Each structure stands twice: as C-alpha cells, then as structure tokens.
file query-v9.tsv (TSV, C-alpha atoms)
chain	number	residue	atom	x	y	z
A	1	MET	CA	-18.68	-11.65	12.65
A	2	THR	CA	-19.99	-14.99	11.45
A	3	HIS	CA	-18.26	-18.10	12.72
A	4	ILE	CA	-17.01	-20.45	10.03
A	5	ASP	CA	-16.29	-24.05	10.88
A	6	PRO	CA	-12.50	-24.65	10.98
A	7	ARG	CA	-12.92	-27.51	8.48
A	8	VAL	CA	-14.20	-25.00	5.92
A	9	HIS	CA	-11.09	-22.86	6.45
A	10	GLU	CA	-8.91	-25.96	6.09
A	11	ALA	CA	-10.58	-26.85	2.79
A	12	LEU	CA	-10.26	-23.29	1.48
A	13	ASP	CA	-6.61	-23.26	2.54
A	14	GLY	CA	-6.03	-26.44	0.56
A	15	GLU	CA	-5.34	-28.48	3.68
A	16	ARG	CA	-8.18	-30.95	3.09
A	17	PRO	CA	-10.22	-31.91	0.02
A	18	LEU	CA	-13.46	-30.02	-0.47
A	19	GLU	CA	-15.16	-33.36	-1.06
A	20	SER	CA	-14.32	-34.47	2.47
A	21	LEU	CA	-16.66	-31.88	3.97
A	22	PRO	CA	-20.23	-32.69	5.02
A	23	PRO	CA	-22.79	-31.26	2.54
A	24	ASP	CA	-23.68	-28.16	4.57
A	25	LEU	CA	-20.05	-27.18	5.13
A	26	ARG	CA	-19.17	-27.93	1.54
A	27	ALA	CA	-21.96	-25.59	0.41
A	28	GLU	CA	-20.52	-22.89	2.69
A	29	ALA	CA	-17.04	-23.32	1.19
A	30	GLU	CA	-18.40	-23.31	-2.34
A	31	ARG	CA	-20.34	-20.14	-1.62
A	32	LEU	CA	-17.10	-18.38	-0.68
A	33	LEU	CA	-15.37	-19.70	-3.78
A	34	GLU	CA	-18.26	-18.36	-5.89
A	35	VAL	CA	-17.83	-14.96	-4.23
A	36	ALA	CA	-14.12	-15.00	-5.08
A	37	ALA	CA	-14.88	-16.01	-8.66
A	38	LEU	CA	-17.31	-13.10	-9.00
A	39	LEU	CA	-14.68	-10.69	-7.73
A	40	ALA	CA	-12.12	-12.12	-10.12
A	41	ALA	CA	-14.50	-11.66	-13.04
A	42	ALA	CA	-15.80	-8.19	-12.16
A	43	PRO	CA	-14.64	-5.27	-14.33
A	44	VAL	CA	-11.37	-3.60	-13.39
A	45	ALA	CA	-9.60	-0.39	-14.30
A	46	ALA	CA	-8.46	0.00	-17.90
A	47	SER	CA	-4.87	-0.73	-18.87
A	48	VAL	CA	-2.26	1.82	-17.86
A	49	ALA	CA	0.51	0.30	-19.99
A	50	THR	CA	0.65	3.12	-22.54
A	51	ARG	CA	0.60	5.76	-19.80
A	52	VAL	CA	3.38	4.06	-17.85
A	53	MET	CA	5.63	3.47	-20.86
A	54	ALA	CA	5.15	7.07	-22.01
A	55	HIS	CA	6.10	8.28	-18.55
A	56	LEU	CA	9.19	6.10	-18.50
A	57	ALA	CA	10.24	7.38	-21.90
A	58	GLU	CA	10.42	10.94	-20.55
A	59	PRO	CA	13.94	11.88	-19.50
A	60	ARG	CA	14.21	11.86	-15.76
A	61	PRO	CA	15.27	15.18	-14.24
A	62	SER	CA	18.83	15.23	-12.96
A	63	ARG	CA	19.47	14.78	-9.25
A	64	LEU	CA	20.25	18.49	-8.97
A	65	ARG	CA	17.04	19.43	-10.73
A	66	ARG	CA	15.04	17.10	-8.50
A	67	LEU	CA	16.71	18.64	-5.46
A	68	LEU	CA	15.84	22.12	-6.67
A	69	GLN	CA	12.26	21.05	-7.35
A	70	TRP	CA	12.04	19.62	-3.87
A	71	ILE	CA	13.42	22.79	-2.33
A	72	ALA	CA	11.03	24.94	-4.35
A	73	ARG	CA	8.05	22.85	-3.32
A	74	PRO	CA	6.30	23.94	-0.12
A	75	GLN	CA	7.34	21.44	2.54
A	76	ALA	CA	5.57	20.87	5.75
A	77	VAL	CA	8.00	20.84	8.62
A	78	THR	CA	8.44	17.85	10.78
A	79	PHE	CA	8.75	17.85	14.46
A	80	HIS	CA	9.88	14.63	15.87
A	81	LEU	CA	8.73	13.61	19.30
A	82	ARG	CA	10.39	10.94	21.31
A	83	PRO	CA	10.04	10.98	25.09
A	84	VAL	CA	13.74	10.57	25.82
A	85	TRP	CA	14.75	13.36	23.50
A	86	SER	CA	11.79	15.68	23.86
A	87	LEU	CA	13.41	17.76	26.62
A	88	ALA	CA	16.64	18.05	24.67
A	89	VAL	CA	14.75	19.05	21.53
A	90	ALA	CA	12.73	21.58	23.48
A	91	ALA	CA	15.95	23.00	24.92
A	92	ALA	CA	17.50	23.16	21.46
A	93	LEU	CA	14.44	24.97	20.15
A	94	ALA	CA	14.64	27.42	23.02
A	95	VAL	CA	18.28	28.11	22.14
A	96	PHE	CA	17.30	28.73	18.53
A	97	ALA	CA	14.59	31.09	19.67
A	98	LEU	CA	16.95	33.03	21.93
A	99	LEU	CA	19.77	33.41	19.45
A	100	PRO	CA	20.08	37.00	18.19
A	101	GLY	CA	18.82	37.12	14.64
A	102	GLY	CA	17.39	33.63	14.93
A	103	GLY	CA	18.98	30.26	14.32
A	104	PRO	CA	19.88	28.66	11.03
A	105	LEU	CA	16.30	27.57	10.43
A	106	GLU	CA	13.58	30.15	9.88
A	107	LEU	CA	10.59	29.09	11.89
A	108	GLY	CA	7.12	30.48	11.42
A	109	PRO	CA	4.95	31.11	14.43
A	110	GLU	CA	3.20	27.79	13.95
A	111	GLU	CA	6.24	25.70	13.14
A	112	GLY	CA	8.74	23.54	14.95
A	113	ILE	CA	11.73	21.35	14.17
A	114	ALA	CA	11.80	17.59	13.90
A	115	GLU	CA	14.74	15.29	13.47
A	116	PHE	CA	14.08	11.92	11.89
A	117	VAL	CA	16.61	9.18	12.59
A	118	LEU	CA	16.57	5.62	11.31
A	119	PRO	CA	19.35	3.06	11.70
A	120	ALA	CA	19.22	1.17	8.38
A	121	SER	CA	22.53	-0.41	7.46
A	122	GLY	CA	22.61	-1.56	3.88
A	123	ALA	CA	19.78	0.70	2.76
A	124	HIS	CA	20.27	2.54	-0.51
A	125	SER	CA	17.80	5.29	0.32
A	126	VAL	CA	15.55	6.30	3.19
A	127	HIS	CA	12.69	8.77	2.98
A	128	VAL	CA	10.07	9.83	5.44
A	129	ALA	CA	6.45	10.08	4.40
A	130	GLY	CA	3.60	11.18	6.57
A	131	SER	CA	0.47	13.14	7.13
A	132	PHE	CA	2.58	16.31	6.80
A	133	ASN	CA	3.46	15.68	3.14
A	134	ASP	CA	0.38	13.81	1.96
A	135	TRP	CA	2.26	10.51	2.37
A	136	ARG	CA	4.48	11.21	-0.62
A	137	ALA	CA	7.07	8.50	-0.31
A	138	GLY	CA	9.90	10.31	-2.08
A	139	GLY	CA	9.37	13.79	-0.65
A	140	ILE	CA	11.79	14.06	2.26
A	141	ALA	CA	15.08	12.19	2.00
A	142	LEU	CA	17.21	11.17	4.97
A	143	GLU	CA	20.98	11.13	4.58
A	144	ASP	CA	23.66	8.83	5.88
A	145	ARG	CA	26.37	11.46	5.96
A	146	ASN	CA	28.72	9.50	8.22
A	147	HIS	CA	28.27	6.28	6.26
A	148	ASP	CA	27.52	4.53	9.52
A	149	GLY	CA	24.12	3.20	8.51
A	150	VAL	CA	22.26	5.85	10.52
A	151	TRP	CA	20.03	8.01	8.31
A	152	ARG	CA	18.98	11.46	9.45
A	153	ALA	CA	16.94	14.45	8.32
A	154	THR	CA	16.05	17.64	10.13
A	155	VAL	CA	12.91	19.34	8.92
A	156	VAL	CA	10.48	22.04	9.92
A	157	LEU	CA	6.86	21.02	10.40
A	158	PRO	CA	3.63	22.69	11.41
A	159	VAL	CA	2.87	22.41	15.09
A	160	GLY	CA	0.53	19.60	15.99
A	161	GLN	CA	0.36	15.85	15.74
A	162	HIS	CA	1.64	14.02	12.67
A	163	GLU	CA	1.81	10.39	11.62
A	164	TYR	CA	4.72	9.10	9.59
A	165	MET	CA	6.62	6.10	8.30
A	166	PHE	CA	10.01	5.58	6.76
A	167	VAL	CA	10.33	4.30	3.21
A	168	VAL	CA	13.48	2.27	2.75
A	169	ASP	CA	14.83	1.72	-0.76
A	170	GLY	CA	11.75	3.26	-2.25
A	171	GLU	CA	9.37	0.46	-1.45
A	172	ARG	CA	9.68	-0.91	2.08
A	173	TRP	CA	7.55	0.99	4.59
A	174	VAL	CA	8.81	0.71	8.14
A	175	ALA	CA	7.66	2.32	11.34
A	176	ASP	CA	10.14	4.35	13.36
A	177	PRO	CA	11.46	1.85	15.93
A	178	ASN	CA	12.24	4.72	18.32
A	179	ALA	CA	8.97	6.59	18.18
A	180	GLY	CA	7.25	7.35	21.44
A	181	ARG	CA	3.78	6.58	20.14
A	182	TYR	CA	2.16	4.56	17.37
A	183	VAL	CA	-1.30	4.37	15.88
A	184	ASP	CA	-2.88	1.59	13.87
A	185	ASP	CA	-2.77	2.32	10.16
A	186	ASP	CA	-5.64	-0.08	9.33
A	187	PHE	CA	-3.22	-2.37	7.53
A	188	GLY	CA	-2.18	-4.38	10.53
A	189	ARG	CA	0.83	-2.15	10.97
A	190	GLU	CA	1.39	1.00	12.92
A	191	ASN	CA	2.34	4.53	11.99
A	192	ALA	CA	4.69	6.39	14.28
A	193	VAL	CA	3.33	9.55	15.83
A	194	LEU	CA	5.22	12.75	16.45
A	195	ILE	CA	4.05	15.94	18.03
A	196	VAL	CA	5.51	19.20	16.88
A	197	ARG	CA	5.50	21.90	19.48
A	198	ARG	CA	5.69	25.61	18.92
A	199	ALA	CA	9.19	26.96	19.51
A	200	SER	CA	9.18	29.37	22.42
A	201	ARG	CA	10.29	32.87	21.49
B	1	MET	CA	6.72	-16.63	-11.96
B	2	ALA	CA	6.13	-16.16	-15.66
B	3	SER	CA	3.85	-18.08	-17.96
B	4	GLY	CA	5.10	-17.95	-21.52
B	5	GLY	CA	7.79	-15.62	-22.81
B	6	PRO	CA	11.18	-15.07	-21.26
B	7	PRO	CA	11.48	-15.66	-17.52
B	8	ASP	CA	11.28	-12.66	-15.19
B	9	LEU	CA	14.94	-12.99	-14.28
B	10	GLU	CA	15.90	-12.50	-17.92
B	11	VAL	CA	13.49	-9.60	-18.48
B	12	VAL	CA	14.72	-7.82	-15.38
B	13	ALA	CA	18.33	-8.25	-16.52
B	14	ARG	CA	17.41	-6.76	-19.91
B	15	VAL	CA	15.75	-3.73	-18.33
B	16	LEU	CA	18.65	-3.18	-15.96
B	17	GLY	CA	20.97	-3.53	-18.91
B	18	GLY	CA	19.33	-0.53	-20.57
B	19	ASP	CA	16.51	-2.10	-22.59
B	20	GLY	CA	13.70	0.01	-21.14
B	21	GLU	CA	11.20	-1.35	-23.65
B	22	ALA	CA	11.52	-4.78	-22.06
B	23	PHE	CA	9.65	-3.38	-19.07
B	24	GLY	CA	6.58	-3.60	-21.31
B	25	ILE	CA	6.83	-7.39	-21.00
B	26	ILE	CA	6.58	-7.08	-17.23
B	27	ILE	CA	3.61	-4.73	-17.54
B	28	ARG	CA	1.75	-7.02	-19.93
B	29	ARG	CA	2.49	-10.01	-17.73
B	30	TYR	CA	1.39	-8.62	-14.38
B	31	GLU	CA	-0.82	-5.61	-15.06
B	32	PRO	CA	-4.14	-7.51	-15.22
B	33	GLY	CA	-3.67	-8.98	-11.74
B	34	LEU	CA	-2.38	-5.72	-10.29
B	35	LEU	CA	-5.32	-3.77	-11.71
B	36	ARG	CA	-7.77	-6.33	-10.38
B	37	PHE	CA	-6.10	-6.23	-6.97
B	38	ALA	CA	-6.06	-2.42	-6.81
B	39	THR	CA	-9.64	-2.14	-8.04
B	40	ARG	CA	-10.84	-4.50	-5.32
B	41	MET	CA	-8.75	-2.69	-2.70
B	42	LEU	CA	-9.85	0.82	-3.60
B	43	GLY	CA	-13.33	0.21	-5.00
B	44	GLN	CA	-12.75	2.84	-7.66
B	45	GLN	CA	-11.31	2.17	-11.09
B	46	ASP	CA	-9.71	5.61	-11.52
B	47	ALA	CA	-7.92	5.39	-8.20
B	48	ALA	CA	-6.89	1.81	-8.96
B	49	ALA	CA	-5.42	2.84	-12.32
B	50	ASP	CA	-3.47	5.62	-10.61
B	51	ALA	CA	-2.16	3.27	-7.93
B	52	VAL	CA	-1.01	0.69	-10.48
B	53	ALA	CA	0.54	3.29	-12.78
B	54	GLU	CA	2.42	4.88	-9.87
B	55	GLY	CA	3.45	1.44	-8.65
B	56	LEU	CA	4.79	0.37	-12.03
B	57	VAL	CA	6.75	3.58	-12.47
B	58	ARG	CA	8.24	3.12	-9.01
B	59	ALA	CA	9.01	-0.50	-9.81
B	60	TYR	CA	10.88	0.57	-12.93
B	61	ARG	CA	12.83	3.25	-11.09
B	62	HIS	CA	13.79	0.89	-8.29
B	63	LEU	CA	14.12	-2.34	-10.26
B	64	ALA	CA	17.74	-2.65	-9.22
B	65	SER	CA	16.60	-2.91	-5.60
B	66	CYS	CA	14.49	-5.99	-6.38
B	67	ARG	CA	16.86	-8.40	-4.73
B	68	ASP	CA	15.18	-11.52	-6.03
B	69	PRO	CA	13.82	-10.99	-9.55
B	70	ALA	CA	12.44	-14.54	-9.47
B	71	ARG	CA	9.94	-13.14	-6.99
B	72	LEU	CA	9.10	-10.15	-9.13
B	73	ARG	CA	5.37	-10.80	-8.99
B	74	THR	CA	5.13	-10.53	-5.20
B	75	TRP	CA	7.49	-7.54	-5.24
B	76	LEU	CA	5.09	-5.76	-7.61
B	77	TYR	CA	2.10	-6.64	-5.42
B	78	ARG	CA	3.98	-5.18	-2.49
B	79	ILE	CA	4.60	-1.91	-4.27
B	80	VAL	CA	1.03	-1.60	-5.55
B	81	ALA	CA	-0.35	-2.56	-2.13
B	82	ASN	CA	1.70	0.29	-0.66
B	83	ARG	CA	0.36	2.65	-3.32
B	84	CYS	CA	-3.18	1.55	-2.42
B	85	LYS	CA	-2.33	2.14	1.22
B	86	SER	CA	-1.15	5.61	0.40
B	87	HIS	CA	-4.36	6.34	-1.51
B	88	LEU	CA	-6.46	5.04	1.36
B	89	ALA	CA	-4.48	7.11	3.85
B	90	ARG	CA	-5.60	10.23	2.01
B	91	ARG	CA	-9.23	9.47	2.56
B	92	SER	CA	-10.98	8.22	5.63
B	93	SER	CA	-12.45	4.74	5.60
B	94	MET	CA	-15.87	6.35	5.52
B	95	GLU	CA	-15.06	7.77	2.14
B	96	VAL	CA	-14.17	4.43	0.64
B	97	ARG	CA	-16.84	3.81	-1.91
B	98	LEU	CA	-17.41	1.70	-4.91
B	99	ASP	CA	-17.67	3.11	-8.34
B	100	ASP	CA	-21.24	4.11	-8.80
B	101	ALA	CA	-23.77	1.57	-9.76
B	102	PRO	CA	-23.28	-1.76	-11.42
B	103	PRO	CA	-23.43	-2.03	-15.20
B	104	ILE	CA	-26.79	-0.76	-16.38
B	105	ALA	CA	-29.03	-3.51	-17.62
B	106	ASP	CA	-30.04	-3.24	-21.20
B	107	ALA	CA	-33.18	-4.66	-22.72
B	108	ALA	CA	-31.10	-7.21	-24.54
B	109	ASP	CA	-29.53	-8.49	-21.34
B	110	SER	CA	-30.75	-11.84	-20.26
B	111	GLU	CA	-32.34	-12.26	-16.89
B	112	ALA	CA	-29.34	-14.35	-15.85
B	113	MET	CA	-26.95	-11.53	-16.76
B	114	VAL	CA	-28.95	-9.00	-14.78
B	115	GLU	CA	-28.97	-11.31	-11.80
B	116	ARG	CA	-25.21	-11.86	-12.10
B	117	ASN	CA	-24.60	-8.11	-12.18
B	118	GLU	CA	-26.69	-7.68	-9.06
B	119	GLN	CA	-24.76	-10.45	-7.32
B	120	MET	CA	-21.48	-8.85	-8.33
B	121	GLU	CA	-22.65	-5.53	-6.96
B	122	ARG	CA	-23.62	-7.10	-3.64
B	123	VAL	CA	-20.29	-8.91	-3.35
B	124	GLN	CA	-18.29	-5.77	-4.10
B	125	ARG	CA	-20.27	-3.77	-1.57
B	126	ALA	CA	-19.71	-6.46	1.05
B	127	LEU	CA	-15.98	-6.51	0.31
B	128	ALA	CA	-15.82	-2.73	0.67
B	129	THR	CA	-17.09	-3.01	4.25
B	130	LEU	CA	-14.00	-5.00	5.28
B	131	PRO	CA	-11.09	-3.12	6.87
B	132	PRO	CA	-8.23	-2.71	4.38
B	133	ASP	CA	-6.00	-5.36	5.96
B	134	LYS	CA	-8.71	-8.02	5.74
B	135	ARG	CA	-9.73	-6.89	2.26
B	136	GLU	CA	-6.11	-7.18	1.15
B	137	ALA	CA	-5.77	-10.64	2.67
B	138	PHE	CA	-8.96	-11.98	1.06
B	139	VAL	CA	-8.20	-10.52	-2.36
B	140	MET	CA	-4.59	-11.72	-2.40
B	141	LYS	CA	-5.58	-15.22	-1.31
B	142	HIS	CA	-8.81	-15.88	-3.15
B	143	VAL	CA	-8.96	-13.45	-6.06
B	144	GLU	CA	-5.27	-13.27	-7.00
B	145	GLY	CA	-4.56	-16.84	-5.91
B	146	LEU	CA	-1.37	-16.06	-4.00
B	147	SER	CA	-0.09	-18.76	-1.68
B	148	TYR	CA	0.52	-17.87	1.95
B	149	GLU	CA	4.25	-17.88	1.21
B	150	GLU	CA	3.75	-15.39	-1.60
B	151	MET	CA	1.48	-13.27	0.58
B	152	ALA	CA	4.21	-13.19	3.22
B	153	GLN	CA	6.67	-11.94	0.60
B	154	ALA	CA	4.21	-9.33	-0.62
B	155	THR	CA	3.16	-8.01	2.76
B	156	GLY	CA	6.17	-8.66	4.96
B	157	ASP	CA	3.88	-10.33	7.49
B	158	ARG	CA	4.27	-13.82	8.90
B	159	ILE	CA	2.28	-16.75	7.54
B	160	PRO	CA	0.36	-17.60	10.76
B	161	ALA	CA	-0.77	-13.96	11.05
B	162	LEU	CA	-1.82	-13.92	7.40
B	163	LYS	CA	-3.71	-17.18	7.78
B	164	MET	CA	-5.61	-15.79	10.73
B	165	ARG	CA	-6.33	-12.58	8.79
B	166	VAL	CA	-7.71	-14.53	5.83
B	167	HIS	CA	-9.93	-16.56	8.17
B	168	ARG	CA	-11.26	-13.40	9.79
B	169	ALA	CA	-11.76	-11.83	6.37
B	170	ARG	CA	-13.86	-14.78	5.21
B	171	GLU	CA	-16.02	-14.53	8.30
B	172	ALA	CA	-16.43	-10.78	7.98
B	173	LEU	CA	-17.33	-11.13	4.31
B	174	VAL	CA	-19.94	-13.79	4.98
B	175	ALA	CA	-21.40	-11.60	7.74
B	176	ALA	CA	-21.52	-8.58	5.42
B	177	LEU	CA	-23.24	-10.61	2.71
B	178	GLN	CA	-25.78	-11.95	5.19
B	179	GLU	CA	-26.46	-8.43	6.41
B	180	GLN	CA	-27.15	-7.29	2.87
B	181	GLU	CA	-29.50	-10.21	2.27
B	182	GLU	CA	-31.42	-9.28	5.42
B	183	VAL	CA	-31.78	-5.71	4.21
B	184	LEU	CA	-33.09	-6.87	0.83
call {"tool": "encode", "arguments": {"input": "query-v9.tsv", "output": "structure tokens"}}
result
Amino acid sequence: MTHIDPRVHEALDGERPLESLPPDLRAEAERLLEVAALLAAAPVAASVATRVMAHLAEPRPSRLRRLLQWIARPQAVTFHLRPVWSLAVAAALAVFALLPGGGPLELGPEEGIAEFVLPASGAHSVHVAGSFNDWRAGGIALEDRNHDGVWRATVVLPVGQHEYMFVVDGERWVADPNAGRYVDDDFGRENAVLIVRRASR
Amino acid sequence: MASGGPPDLEVVARVLGGDGEAFGIIIRRYEPGLLRFATRMLGQQDAAADAVAEGLVRAYRHLASCRDPARLRTWLYRIVANRCKSHLARRSSMEVRLDDAPPIADAADSEAMVERNEQMERVQRALATLPPDKREAFVMKHVEGLSYEEMAQATGDRIPALKMRVHRAREALVAALQEQEEVL
C-alpha cells in the first residue's frame, strides 16, 4: 500500500483547494483525478432499457403461481446453527429421526433442518439468501405468522457449512444478529454462517 | 436528484399510480451511471448489464418500499451494488477479470488514441486488483461523483468508515498502478 499525504486526501475530499497543495502533492492529486476521469470515460455495458421495459410489460405470475414455482424448484435445505440452540435443534432432529414413519419433513441422508429467525418489526418482507440457493434474494421467504415482527422459516438444507444473509423488503441485506459465526463477505460486511448437521437415524 | 424533466418524486408517484411506462424516465435518467458503476465493479460488460437489468426490475417491483423517492438515485445504487455483490459472490475474487483486451487499435487511430487506450487498460486492470469494498468506494466517490452523504445512503455504512475506505482505495490504486509500471 502506498502512503498518500493527508493533504492530498483532503484536497480530493473537497476539504481544501487543490491549488493550496505544494507542486508535488498537487501532481499526485491530479494523477488520481486523471485516473478517475479515464474510468468515467471508458466503455460500459450497452443499454438494458429495452430489455427491462419488456420484462416489466410481462404479466407477473400470481402469488399462488409463484409459490407453486418455488415449491417445484429444487431447494437446498437450510440448517441453522446457533450455539445456544444447537443442542435443542439436535434433540429435535433426533426426535424426528426416531418417530415411526418419520417426521413431517422428509430428510435425505445428507440433509438437515434449519430454522431462520429474524426480528424485523415494520418489514414488509424478509427472505434468506445464501450459498445454499446461489444467493437468490427472493428464493426463501420468512413469514411473520404471529404478526409480532418476528419472521421465521424452517427449511431443509444439505449438511455442511453455509453462508447466508437476510434480505429485508427486497433490497436491504442484513446479517443474522443471532448467528454464532460470521465471515467477511469482502464488502466490509459479514455473512452469517450456519452448519447443517446430518440428522441421526 | 434529477436534471431536466419531472422530479423523481413525481415520476415515482406516477409509476406507483399505475403508469408503468413512466419507469422509462427513471431508466433513462440513471441507467448510464448504474451501468458505468456495475461495469467498473464487475469488470465485465455482460455481467454488468445483467446486474443493472436485475436491479432495475427489482427497483420497479419494490418501488413502493423506496421510503424517500427524493433519494431515488442512491436507492438505485444500493440495489445495483447488491446485485453486483451477488454476482461477485458466485465467483471467487480470483475469477474477477476484465473483459478481454482493450479496443483494438486500427491503422487510422492516432498515436494519442492508442496511448489513451493503453492507459485505460492499465487503470482498469489496477482497479480490478482492489477488493470489492474499496473498488466500490473509489468508483462511487470519484467515478460516479457521489458525496459521502450519498455514499452512506447507498451503502448503509457510516461516513467516517467510508472516508477511510476511500483513502485506502486511493492508496491501493496508486500502488497497483505503480506495480504495473514497474512490470512494464
């Protein structure tokens, strides 16, 4: 990393006039401005306006149809891992496994159950997106069945480690505040981590 | 912010009132900046076009959730930035690459044009070496001309953190450019 004199940063941040810098620092600041100008002028992707407007003109499938499409689509199963609840979840999984004829959820040999919970009062929608569904933001919806601002979804996921985030109101990505682990997502934020364990049988 | 034409607030109200065609005004107004931003973030024009198209469709679908239509521009940057993030999440940072080769020089090109293309290529390659958060900060600040307040609206991060990120991005970019010059 190259050190840049703080006065150059101040000038580039508009906190002091460029002209107030000594010649060498001014040249450094101007070099960065030239770089920015080149990036602004470089070719970019072609317009998508026609494509977007055509897409918007298509009738949107009904909620029921979207639900059916979602059900028909192969869904990875989520297993949520939080230290406090992990024993309880493991116990619940064991109960499922021991029930004659199996529990309400059909688990494959390499699958487990995850419950996602997010307190989000005032939210209109909450989804979970993660490494298990290719980060599709609208794939798995949480529900606020009790209308108490706590959104929940129970899903089946492949065993192993997964990263995920919640998507509130379709556009605000938030990390699970109750996750046991987080990893840097390279954007200065952190993804929550869950580990799905194989249900004992 | 809107330069020329009806203000964003009015356009948003028209769209929400059922005039879907009015969304075209929003696209025409902000698409160039969003495409430039996504292209610089992803380094690939096809991926950038996908990210912006997905972002605009999402923006249309969720326009009612834009609580402050006067800040529509930063709301759109936020959505497209998230789309870019999603695209980047699907590929490792090692796979981030620029579109192949700069524009091919033609015999009719002047020497100055060839040199400019080479410079542009070097700058884009240097930018691509920055981690996504720094790349985003530099592009928002210096290429898109967002203020720190607007960047805070677009990213959800605090201004002091963004300022520090922009400073680090400048330093990393200068270092990457110097490294390229040493190689040449």
call {"tool": "interface_residues", "arguments": {"input": "query-v9.tsv", "of": "chain B", "to": "chain A", "cutoff": "7 Å", "atoms": "all atoms listed in the file", "output": "VMD selection string"}}
result
chain B and resid 27 35 to 36 39 45 to 46 48 to 49 53 57 62 65 79 86 90 120 123 131 to 133 142 to 143 167 171 to 172 174 to 175
call {"tool": "write_last_selection", "arguments": {"input": "query-v9.tsv", "atoms": "C-alpha atoms", "output": "JSON list (two decimals), keeping the file's coordinate frame"}}
result
[["chain", "number", "residue", "atom", "x", "y", "z"],
["B", 27, "ILE", "CA", 3.61, -4.73, -17.54],
["B", 35, "LEU", "CA", -5.32, -3.77, -11.71],
["B", 36, "ARG", "CA", -7.77, -6.33, -10.38],
["B", 39, "THR", "CA", -9.64, -2.14, -8.04],
["B", 45, "GLN", "CA", -11.31, 2.17, -11.09],
["B", 46, "ASP", "CA", -9.71, 5.61, -11.52],
["B", 48, "ALA", "CA", -6.89, 1.81, -8.96],
["B", 49, "ALA", "CA", -5.42, 2.84, -12.32],
["B", 53, "ALA", "CA", 0.54, 3.29, -12.78],
["B", 57, "VAL", "CA", 6.75, 3.58, -12.47],
["B", 62, "HIS", "CA", 13.79, 0.89, -8.29],
["B", 65, "SER", "CA", 16.60, -2.91, -5.60],
["B", 79, "ILE", "CA", 4.60, -1.91, -4.27],
["B", 86, "SER", "CA", -1.15, 5.61, 0.40],
["B", 90, "ARG", "CA", -5.60, 10.23, 2.01],
["B", 120, "MET", "CA", -21.48, -8.85, -8.33],
["B", 123, "VAL", "CA", -20.29, -8.91, -3.35],
["B", 131, "PRO", "CA", -11.09, -3.12, 6.87],
["B", 132, "PRO", "CA", -8.23, -2.71, 4.38],
["B", 133, "ASP", "CA", -6.00, -5.36, 5.96],
["B", 142, "HIS", "CA", -8.81, -15.88, -3.15],
["B", 143, "VAL", "CA", -8.96, -13.45, -6.06],
["B", 167, "HIS", "CA", -9.93, -16.56, 8.17],
["B", 171, "GLU", "CA", -16.02, -14.53, 8.30],
["B", 172, "ALA", "CA", -16.43, -10.78, 7.98],
["B", 174, "VAL", "CA", -19.94, -13.79, 4.98],
["B", 175, "ALA", "CA", -21.40, -11.60, 7.74]]
call {"tool": "residues_around", "arguments": {"input": "query-v9.tsv", "residues": "Val117 of chain A", "least_positions_apart": "5", "cutoff": "7 Å", "atoms": "all atoms listed in the file", "output": "list in words"}}
result
Val150, Trp151, Arg152 and Ala153 of chain A
call {"tool": "atom_distance", "arguments": {"input": "query-v9.tsv", "atom1": "atom CA of Ala64 of chain B", "atom2": "atom CA of Glu136 of chain B"}}
result
26.4 Å
call {"tool": "residues_around", "arguments": {"input": "query-v9.tsv", "residues": "Leu127 of chain B", "least_positions_apart": "6", "cutoff": "8 Å", "atoms": "all atoms listed in the file", "output": "list of chain:residue names"}}
result
B:Arg40, B:Arg135, B:Leu173, B:Ala176
call {"tool": "residues_around", "arguments": {"input": "query-v9.tsv", "residues": "Phe166 of chain A", "least_positions_apart": "5", "cutoff": "7 Å", "atoms": "all atoms listed in the file", "output": "count of residues only"}}
result
8
call {"tool": "atom_distance", "arguments": {"input": "query-v9.tsv", "atom1": "atom CA of Asn82 of chain B", "atom2": "atom CA of Asp157 of chain B"}}
result
13.6 Å
call {"tool": "atom_distance", "arguments": {"input": "query-v9.tsv", "atom1": "atom CA of Leu76 of chain B", "atom2": "atom CA of Gly139 of chain A"}}
result
21.2 Å
call {"tool": "closest_residue", "arguments": {"input": "query-v9.tsv", "among": "B:Glu111, B:Glu182, B:Glu54, B:Glu10", "to": "Leu34 of chain B", "atoms": "all atoms listed in the file"}}
result
B:Glu54
call {"tool": "residues_around", "arguments": {"input": "query-v9.tsv", "residues": "Gly156 of chain B", "least_positions_apart": "3", "cutoff": "10 Å", "atoms": "all atoms listed in the file", "output": "list in words"}}
result
Arg172 and Trp173 of chain A; Arg78, Glu150, Met151, Ala152, Gln153, Ile159 and Leu162 of chain B
call {"tool": "residues_around", "arguments": {"input": "query-v9.tsv", "residues": "Ala169 of chain B", "least_positions_apart": "4", "cutoff": "8 Å", "atoms": "all atoms listed in the file", "output": "PyMOL selection string"}}
result
chain B and resi 130+134-135+137-138+165+173
call {"tool": "closest_residue", "arguments": {"input": "query-v9.tsv", "among": "B:Pro160, B:Gly145, B:Gly5, B:Gly55", "to": "Arg28 of chain B", "atoms": "all atoms listed in the file"}}
result
B:Gly5
